[in-house]
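Student: Attaching a single structure in structure tokens format; questions to follow.
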Amino acid sequence: MRVKIHPSKIHGKLRIPSSKSMAHRALICASLAEGTSTLSGIDASKDIEATIACMESLGAKIIASQDQIQVTGTNLKSQGKEILCPCNESGSTMRFLIPVASLTNDPVTFTGQGRLLERPMEIYARLFHNQGLAFVQDSKGIRIQGALKPGDITIEGNISSQFISGLLFALPLLSKESTITVLKPYESRSYVELTLEMLRNFGIRIEKIHQTKYHIPENQTYQAQTLPVEGDYSQAAFFSVLATLQGKLTLTNLKQDSHQGDKSILDLLKKAGAKLMIQQDSIQIEHHELHAQTIDLADCPDLGPILCVLASFCPGTTHFIHAGRLRIKESDRVQAMETELKKWGVAIQTTEDTITIHGKREYDCQNVVIDGHNDHRIVMAMTIFGLCAQTACIIEGAQAITKSYPTFFEDIEKIHGKVEIL
């Protein structure tokens, strides 16, 4: 899919889609609960479809309508056959569900597309091997067999919080208590807080002994719920930056007391100079005089690409620290943003763990063709850049948006951005 992005003056109001992070967690908890849960507000995407498909493979019954999803939980008992869990490109789906799927005691194969099977899985491989369980990974997938055992588990905190969340979903169902100790540095802690919040919603108790240790009582039961899923601050970030750079937007469906780590976009935009007015479930963002800052990505790595766009238009030098996690996403996002921003003439330098951008107010280049790197966040970030530039550009591989935000270009048009599908 190729799209042409034209410079556009945006304005208006836009509803932000549901949080993908919270939707994954709600679907998993509902699928493990006794009885039928009703989840509302979940927007479709390939990642969410992957979690639904995997939970159905594990025995949940899931019926989706336009407004809500009904989920009847599975008891994870053996099906007496090999189970296939197709994760597509969803790292959350795979890492959340490996411990959960093990509890069936059946052989389970997880498959993936794109770079998913290249992303780090050593934490689970080591844990399963230490417990005498099967864990085999190759280019075709990951095959496991044998139920995760309770006990004291120590896990690195600087690779992905998704491993911690995966264990938190499964360990409460075991017959003996467990603990998880997270080694420092503990990055993306806010995502674990989202998991703990959703577990509480479904009646699961996790005791935080201190900031890096959790106690998980045994023999717990997930309880069915009726639950709305809140809007997504990581998706709101693209439109928030767009308004900060050149217009005025009102974004709705954003929970003000959200625990999403990507809510930090609001503070970062304030520091950059944006004018924000926060109301009950909406935020108005307006362009104002911009300036550079230092940005720590340790707890909000998904904001990296769009913050690079913000930095490109902020006069002065923006320094990003703790950017290394961006290299093990759907693409090497540090390299991808450096490559694509340089096509616009952005002065950007990177190291393994840092990004430095010397921003300016305007970019005027002819015949710019952007590669989407098969990465939804690269496509969306570079779309925002194109809307704010002085000349049109083409983005190739734009279909990557379907991973998390299939209606992204439609929403751009709703706020008067001009996008041509070529």
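Here's how to read the names in the structure tokens: chain A, B, ... by the order shown, residue numbers from 1 in each chain, ligand numbers from 1 in the order shown.
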Determine, counting only C-alpha atoms, which protein, DNA and RNA residues have an atom within 8 Å of an atom of A:Met198; residues of the same chain fewer than 6 positions away are not included. Present the result as a list in words.

Tutor: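 The residues satisfying every condition are Met22, Arg25, Ala26 and Cys29 of chain A.
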
Student: For the residues in the current selection, export C-alpha atoms as a tab-separated table (two decimals), in the first residue's frame.

Tutor:
chain	number	residue	atom	x	y	z
A	22	MET	CA	-5.63	-2.80	27.93
A	25	ARG	CA	-5.16	-7.76	29.00
A	26	ALA	CA	-8.96	-7.61	29.22
A	29	CYS	CA	-8.45	-12.14	31.80

Student: Neighbours of A:Ile69 within 6 Å (only C-alpha atoms; same-chain residues fewer than 2 positions away dropped), as a PyMOL selection string?

Tutor: chain A and resi 38-39+63-64

Student: Keeping N, CA, C and O atoms for every residue in the selection just given, could you write it to a file as a short mmCIF file (atom, residue, chain, number, x, y, z; two decimals), in the first residue's frame?

Tutor:
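Heads up, here's the output in result_28.cif:
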data_model
loop_
_atom_site.label_atom_id
_atom_site.label_comp_id
_atom_site.auth_asym_id
_atom_site.auth_seq_id
_atom_site.Cartn_x
_atom_site.Cartn_y
_atom_site.Cartn_z
N THR A 38 -18.43 -9.37 29.34
CA THR A 38 -18.77 -8.48 28.23
C THR A 38 -17.80 -7.31 28.23
O THR A 38 -17.72 -6.55 29.21
N LEU A 39 -17.04 -7.19 27.15
CA LEU A 39 -16.05 -6.12 27.00
C LEU A 39 -16.53 -5.14 25.94
O LEU A 39 -16.92 -5.56 24.85
N ILE A 63 -17.32 -14.03 21.04
CA ILE A 63 -18.27 -13.55 20.03
C ILE A 63 -18.17 -12.02 19.97
O ILE A 63 -18.43 -11.34 20.97
N ALA A 64 -17.77 -11.51 18.82
CA ALA A 64 -17.59 -10.07 18.66
C ALA A 64 -18.73 -9.49 17.85
O ALA A 64 -19.13 -10.03 16.82
#

Student: Point out the residue among A:Gly91, A:Pro228, A:Pro217, A:Gly316 with the least atom-to-atom distance to A:Ser161, counting only C-alpha atoms.

Tutor: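 Between A:Gly91, A:Pro228, A:Pro217, A:Gly316, the residue approaching A:Ser161 most closely is A:Gly91.
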
Student: Per DSSP on the backbone, what are the strand (DSSP E) residues of stretch 80-329 of chain A, as a ChimeraX atom specification?

Tutor: /A:83-86,108-111,134-138,141-145,152-156,178-183,207-210,213-216,226-228,248-252,275-278,282-286,294-296,316-321

Student: Do you have, as JSON lines, the list of residues of stretch 143-192 of chain A lying at most 10 Å from stretch 204-208 of chain A, each with its nearest atom pair and that distance in Å to one decimal, counting only C-alpha atoms and ordered by chain then number?

Tutor:
{"residue": "A:Leu168", "atom": "CA", "partner": "A:Ile206", "partner_atom": "CA", "distance": 8.1}
{"residue": "A:Phe169", "atom": "CA", "partner": "A:Ile204", "partner_atom": "CA", "distance": 9.0}
{"residue": "A:Leu171", "atom": "CA", "partner": "A:Ile206", "partner_atom": "CA", "distance": 9.9}
{"residue": "A:Pro172", "atom": "CA", "partner": "A:Ile204", "partner_atom": "CA", "distance": 7.3}
{"residue": "A:Leu173", "atom": "CA", "partner": "A:Ile204", "partner_atom": "CA", "distance": 9.4}
{"residue": "A:Thr179", "atom": "CA", "partner": "A:Glu207", "partner_atom": "CA", "distance": 9.3}
{"residue": "A:Ile180", "atom": "CA", "partner": "A:Lys208", "partner_atom": "CA", "distance": 9.6}

Student: Using only C-alpha atoms, please write the residues we just selected to a file, as a compact mmCIF listing (two decimals), in the first residue's frame.

Tutor:
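Contents of part09.txt, as written:
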# COMPACT_ATOMS: atom_id res chain seq x y z
CA LEU A 168 1.37 -12.69 36.38
CA PHE A 169 -1.51 -14.00 34.25
CA LEU A 171 0.88 -18.00 38.31
CA PRO A 172 -2.33 -17.17 40.28
CA LEU A 173 -3.94 -20.33 38.82
CA THR A 179 7.06 -14.84 43.83
CA ILE A 180 8.53 -12.81 40.99

Student: For stretch 269-277 of chain A, please output as a VMD selection string all residues within 10 Å (counting only C-alpha atoms; exclusion window: fewer than 3 positions along the same chain).

Tutor: chain A and resid 237 240 to 241 243 to 245 248 to 250 264 to 266 282 to 294 307 310 to 311 314

Student: From stretch 120-365 of chain A, collect each residue whose DSSP state is alpha helix (DSSP H) and return the set as a PyMOL selection string.

Tutor: chain A and resi 122-130+161-170+189-201+233-246+265-272+304-313+333-343

Student: For A:His416, list every protein, DNA or RNA residue within 7 Å, evaluated using only C-alpha atoms, and leave out those in the same chain fewer than 4 positions away; present the list as a list in words.

Tutor: Ile10, His11 and Ile412 of chain A

Student: Pull N, CA, C and O atoms from the residues just selected and write them as a PDB file, in the first residue's frame.

Tutor:
ATOM      1  N   ILE A  10      -4.449  21.044  10.050  1.00  0.00           N
ATOM      2  CA  ILE A  10      -5.469  20.192  10.685  1.00  0.00           C
ATOM      3  C   ILE A  10      -6.226  20.967  11.770  1.00  0.00           C
ATOM      4  O   ILE A  10      -5.724  21.933  12.354  1.00  0.00           O
ATOM      5  N   HIS A  11      -7.445  20.509  12.037  1.00  0.00           N
ATOM      6  CA  HIS A  11      -8.266  21.066  13.115  1.00  0.00           C
ATOM      7  C   HIS A  11      -9.450  20.139  13.332  1.00  0.00           C
ATOM      8  O   HIS A  11      -9.765  19.292  12.486  1.00  0.00           O
ATOM      9  N   ILE A 412      -7.123  10.605  10.031  1.00  0.00           N
ATOM     10  CA  ILE A 412      -6.366  11.771   9.552  1.00  0.00           C
ATOM     11  C   ILE A 412      -7.268  12.651   8.677  1.00  0.00           C
ATOM     12  O   ILE A 412      -7.273  13.887   8.796  1.00  0.00           O
TER      13      ILE A 412
END

Student: Applying 6 Å and only C-alpha atoms, which residues near stretch 154-157 of chain A remain after dropping the ones on its own chain fewer than 3 positions away? List them as a PyMOL selection string.

Tutor: chain A and resi 180-187

Student: Would you export the selected residues with all heavy atoms as a PDB file, in the first residue's frame, please?

Tutor:
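part-v1.pdb, freshly written:
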ATOM      1  N   ILE A 180       7.745 -13.291  42.119  1.00  0.00           N
ATOM      2  CA  ILE A 180       8.533 -12.808  40.986  1.00  0.00           C
ATOM      3  C   ILE A 180       9.421 -11.682  41.498  1.00  0.00           C
ATOM      4  O   ILE A 180       8.927 -10.693  42.050  1.00  0.00           O
ATOM      5  CB  ILE A 180       7.645 -12.280  39.848  1.00  0.00           C
ATOM      6  CG1 ILE A 180       6.721 -13.377  39.313  1.00  0.00           C
ATOM      7  CG2 ILE A 180       8.510 -11.720  38.720  1.00  0.00           C
ATOM      8  CD1 ILE A 180       5.720 -12.869  38.287  1.00  0.00           C
ATOM      9  N   THR A 181      10.726 -11.844  41.319  1.00  0.00           N
ATOM     10  CA  THR A 181      11.679 -10.788  41.642  1.00  0.00           C
ATOM     11  C   THR A 181      12.243 -10.235  40.339  1.00  0.00           C
ATOM     12  O   THR A 181      12.734 -11.000  39.499  1.00  0.00           O
ATOM     13  CB  THR A 181      12.828 -11.327  42.510  1.00  0.00           C
ATOM     14  OG1 THR A 181      12.286 -11.856  43.731  1.00  0.00           O
ATOM     15  CG2 THR A 181      13.825 -10.216  42.838  1.00  0.00           C
ATOM     16  N   VAL A 182      12.132  -8.925  40.153  1.00  0.00           N
ATOM     17  CA  VAL A 182      12.579  -8.279  38.916  1.00  0.00           C
ATOM     18  C   VAL A 182      13.937  -7.626  39.172  1.00  0.00           C
ATOM     19  O   VAL A 182      14.084  -6.806  40.079  1.00  0.00           O
ATOM     20  CB  VAL A 182      11.564  -7.224  38.440  1.00  0.00           C
ATOM     21  CG1 VAL A 182      12.006  -6.629  37.105  1.00  0.00           C
ATOM     22  CG2 VAL A 182      10.171  -7.846  38.316  1.00  0.00           C
ATOM     23  N   LEU A 183      14.915  -8.004  38.355  1.00  0.00           N
ATOM     24  CA  LEU A 183      16.256  -7.435  38.490  1.00  0.00           C
ATOM     25  C   LEU A 183      16.295  -6.024  37.897  1.00  0.00           C
ATOM     26  O   LEU A 183      15.666  -5.743  36.884  1.00  0.00           O
ATOM     27  CB  LEU A 183      17.278  -8.325  37.777  1.00  0.00           C
ATOM     28  CG  LEU A 183      17.405  -9.765  38.306  1.00  0.00           C
ATOM     29  CD1 LEU A 183      18.391 -10.547  37.437  1.00  0.00           C
ATOM     30  CD2 LEU A 183      17.848  -9.769  39.760  1.00  0.00           C
ATOM     31  N   LYS A 184      17.063  -5.155  38.525  1.00  0.00           N
ATOM     32  CA  LYS A 184      17.228  -3.791  38.019  1.00  0.00           C
ATOM     33  C   LYS A 184      18.225  -3.781  36.866  1.00  0.00           C
ATOM     34  O   LYS A 184      19.116  -4.628  36.813  1.00  0.00           O
ATOM     35  CB  LYS A 184      17.700  -2.883  39.143  1.00  0.00           C
ATOM     36  CG  LYS A 184      16.673  -2.731  40.266  1.00  0.00           C
ATOM     37  CD  LYS A 184      17.202  -1.803  41.359  1.00  0.00           C
ATOM     38  CE  LYS A 184      16.165  -1.648  42.467  1.00  0.00           C
ATOM     39  NZ  LYS A 184      16.652  -0.753  43.554  1.00  0.00           N
ATOM     40  N   PRO A 185      18.081  -2.834  35.903  1.00  0.00           N
ATOM     41  CA  PRO A 185      17.061  -1.778  35.851  1.00  0.00           C
ATOM     42  C   PRO A 185      15.702  -2.332  35.425  1.00  0.00           C
ATOM     43  O   PRO A 185      15.626  -3.171  34.531  1.00  0.00           O
ATOM     44  CB  PRO A 185      17.609  -0.822  34.793  1.00  0.00           C
ATOM     45  CG  PRO A 185      18.434  -1.693  33.890  1.00  0.00           C
ATOM     46  CD  PRO A 185      19.034  -2.727  34.779  1.00  0.00           C
ATOM     47  N   TYR A 186      14.664  -1.872  36.092  1.00  0.00           N
ATOM     48  CA  TYR A 186      13.303  -2.325  35.835  1.00  0.00           C
ATOM     49  C   TYR A 186      12.639  -1.295  34.918  1.00  0.00           C
ATOM     50  O   TYR A 186      12.169  -0.262  35.371  1.00  0.00           O
ATOM     51  CB  TYR A 186      12.571  -2.448  37.168  1.00  0.00           C
ATOM     52  CG  TYR A 186      11.175  -3.054  37.112  1.00  0.00           C
ATOM     53  CD1 TYR A 186      10.467  -3.251  38.296  1.00  0.00           C
ATOM     54  CD2 TYR A 186      10.571  -3.431  35.923  1.00  0.00           C
ATOM     55  CE1 TYR A 186       9.195  -3.797  38.292  1.00  0.00           C
ATOM     56  CE2 TYR A 186       9.301  -3.981  35.906  1.00  0.00           C
ATOM     57  CZ  TYR A 186       8.623  -4.153  37.102  1.00  0.00           C
ATOM     58  OH  TYR A 186       7.354  -4.696  37.089  1.00  0.00           O
ATOM     59  N   GLU A 187      12.623  -1.573  33.621  1.00  0.00           N
ATOM     60  CA  GLU A 187      12.091  -0.644  32.628  1.00  0.00           C
ATOM     61  C   GLU A 187      10.655  -1.014  32.259  1.00  0.00           C
ATOM     62  O   GLU A 187      10.224  -2.147  32.428  1.00  0.00           O
ATOM     63  CB  GLU A 187      12.981  -0.630  31.383  1.00  0.00           C
ATOM     64  CG  GLU A 187      14.405  -0.161  31.681  1.00  0.00           C
ATOM     65  CD  GLU A 187      15.307  -0.162  30.462  1.00  0.00           C
ATOM     66  OE1 GLU A 187      14.865  -0.635  29.397  1.00  0.00           O
ATOM     67  OE2 GLU A 187      16.451   0.298  30.572  1.00  0.00           O
TER      68      GLU A 187
END

Student: Excluding A:Cys393 and residues on its chain fewer than 2 positions from it, collect all residues at most 7 Å away from it, counting only C-alpha atoms, and give them as a list in words.

Tutor: Lys4, Ile5, His6, Asn367, Val368, Val369, Gly386, Thr391 and Ile395 of chain A

Student: Would you put the residues from that selection into a file with N, CA and C atoms, as a compact mmCIF listing (two decimals), in the first residue's frame?

Tutor:
# COMPACT_ATOMS: atom_id res chain seq x y z
N LYS A 4 0.15 8.95 -0.47
CA LYS A 4 0.79 10.25 -0.65
C LYS A 4 0.25 11.18 0.43
N ILE A 5 1.16 11.77 1.19
CA ILE A 5 0.80 12.66 2.29
C ILE A 5 1.06 14.09 1.85
N HIS A 6 0.03 14.92 1.92
CA HIS A 6 0.15 16.32 1.52
C HIS A 6 0.22 17.21 2.76
N ASN A 367 10.33 15.05 -3.84
CA ASN A 367 10.37 13.63 -4.22
C ASN A 367 10.83 12.72 -3.07
N VAL A 368 10.36 13.00 -1.87
CA VAL A 368 10.70 12.15 -0.73
C VAL A 368 9.83 10.90 -0.75
N VAL A 369 10.47 9.74 -0.70
CA VAL A 369 9.76 8.46 -0.64
C VAL A 369 10.20 7.74 0.64
N GLY A 386 4.96 14.20 7.39
CA GLY A 386 4.55 14.65 6.07
C GLY A 386 3.46 15.71 6.10
N THR A 391 6.33 20.14 1.65
CA THR A 391 6.08 19.48 0.37
C THR A 391 5.53 18.08 0.62
N ILE A 395 4.64 7.41 1.15
CA ILE A 395 5.03 6.37 2.12
C ILE A 395 4.70 5.01 1.52

Student: I want to know what sits within 7 Å of A:Ala389, based on only C-alpha atoms, with residues of the same chain fewer than 6 positions away left out; could you give that as JSON, numbers by chain?

Tutor: {"A": [7, 362, 363, 364]}

Student: Using only C-alpha atoms, tabulate the residues of stretch 312-347 of chain A lying at most 8 Å from any atom of stretch 110-126 of chain A, each with its closest atom pair and that distance in Å to one decimal, by chain and increasing residue number, as a tab-separated table.

Tutor:
residue	atom	partner	partner_atom	distance
A:Ile328	CA	A:Arg119	CA	6.1
A:Lys329	CA	A:Arg119	CA	7.3
A:Glu330	CA	A:Arg115	CA	5.9
A:Ser331	CA	A:Arg115	CA	7.2

Student: Quick one: distance from atom CA of A:Asp299 to atom CA of A:Gly166 in Å, one decimal?

Tutor: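 So the answer is 18.2 Å.
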
Student: Output as JSON lines one row per residue of stretch 190-241 of chain A within 9 Å of stretch 257-261 of chain A: the closest atom pair and its distance in Å to one decimal place, counting only C-alpha atoms, sorted by chain and residue number ascending.

Tutor:
{"residue": "A:Ser190", "atom": "CA", "partner": "A:Gly261", "partner_atom": "CA", "distance": 5.1}
{"residue": "A:Tyr191", "atom": "CA", "partner": "A:Gly261", "partner_atom": "CA", "distance": 6.7}
{"residue": "A:Glu193", "atom": "CA", "partner": "A:His259", "partner_atom": "CA", "distance": 7.1}
{"residue": "A:Leu194", "atom": "CA", "partner": "A:His259", "partner_atom": "CA", "distance": 6.4}
{"residue": "A:Glu197", "atom": "CA", "partner": "A:His259", "partner_atom": "CA", "distance": 8.5}
{"residue": "A:Glu230", "atom": "CA", "partner": "A:Ser258", "partner_atom": "CA", "distance": 8.1}
{"residue": "A:Asp232", "atom": "CA", "partner": "A:Gln260", "partner_atom": "CA", "distance": 8.2}
{"residue": "A:Tyr233", "atom": "CA", "partner": "A:Gln260", "partner_atom": "CA", "distance": 7.0}
{"residue": "A:Ser234", "atom": "CA", "partner": "A:Gln260", "partner_atom": "CA", "distance": 8.5}

Student: Store the residues picked out above, limited to C-alpha atoms, as a short mmCIF file (atom, residue, chain, number, x, y, z; two decimals), in the first residue's frame.

Tutor:
data_model
loop_
_atom_site.label_atom_id
_atom_site.label_comp_id
_atom_site.auth_asym_id
_atom_site.auth_seq_id
_atom_site.Cartn_x
_atom_site.Cartn_y
_atom_site.Cartn_z
CA SER A 190 4.05 1.11 33.92
CA TYR A 191 3.00 -1.74 31.61
CA GLU A 193 0.97 -1.74 36.50
CA LEU A 194 -1.60 -2.02 33.69
CA GLU A 197 -4.93 -3.15 37.33
CA GLU A 230 -10.22 2.89 27.88
CA ASP A 232 -5.09 4.57 23.94
CA TYR A 233 -2.53 7.24 24.86
CA SER A 234 0.07 5.68 22.56
#

Student: May I ask which of the residues A:Glu396, A:Asp371, A:Asp47, A:Glu56 is the closest one to A:Glu338, counting only C-alpha atoms?

Tutor: A:Asp371

Student: Rounded to one decimal place, report the atom CA of A:Thr72-atom CA of A:Gly59 distance in Å.

Tutor: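 Computing it gives 9.1 Å between the two atoms.
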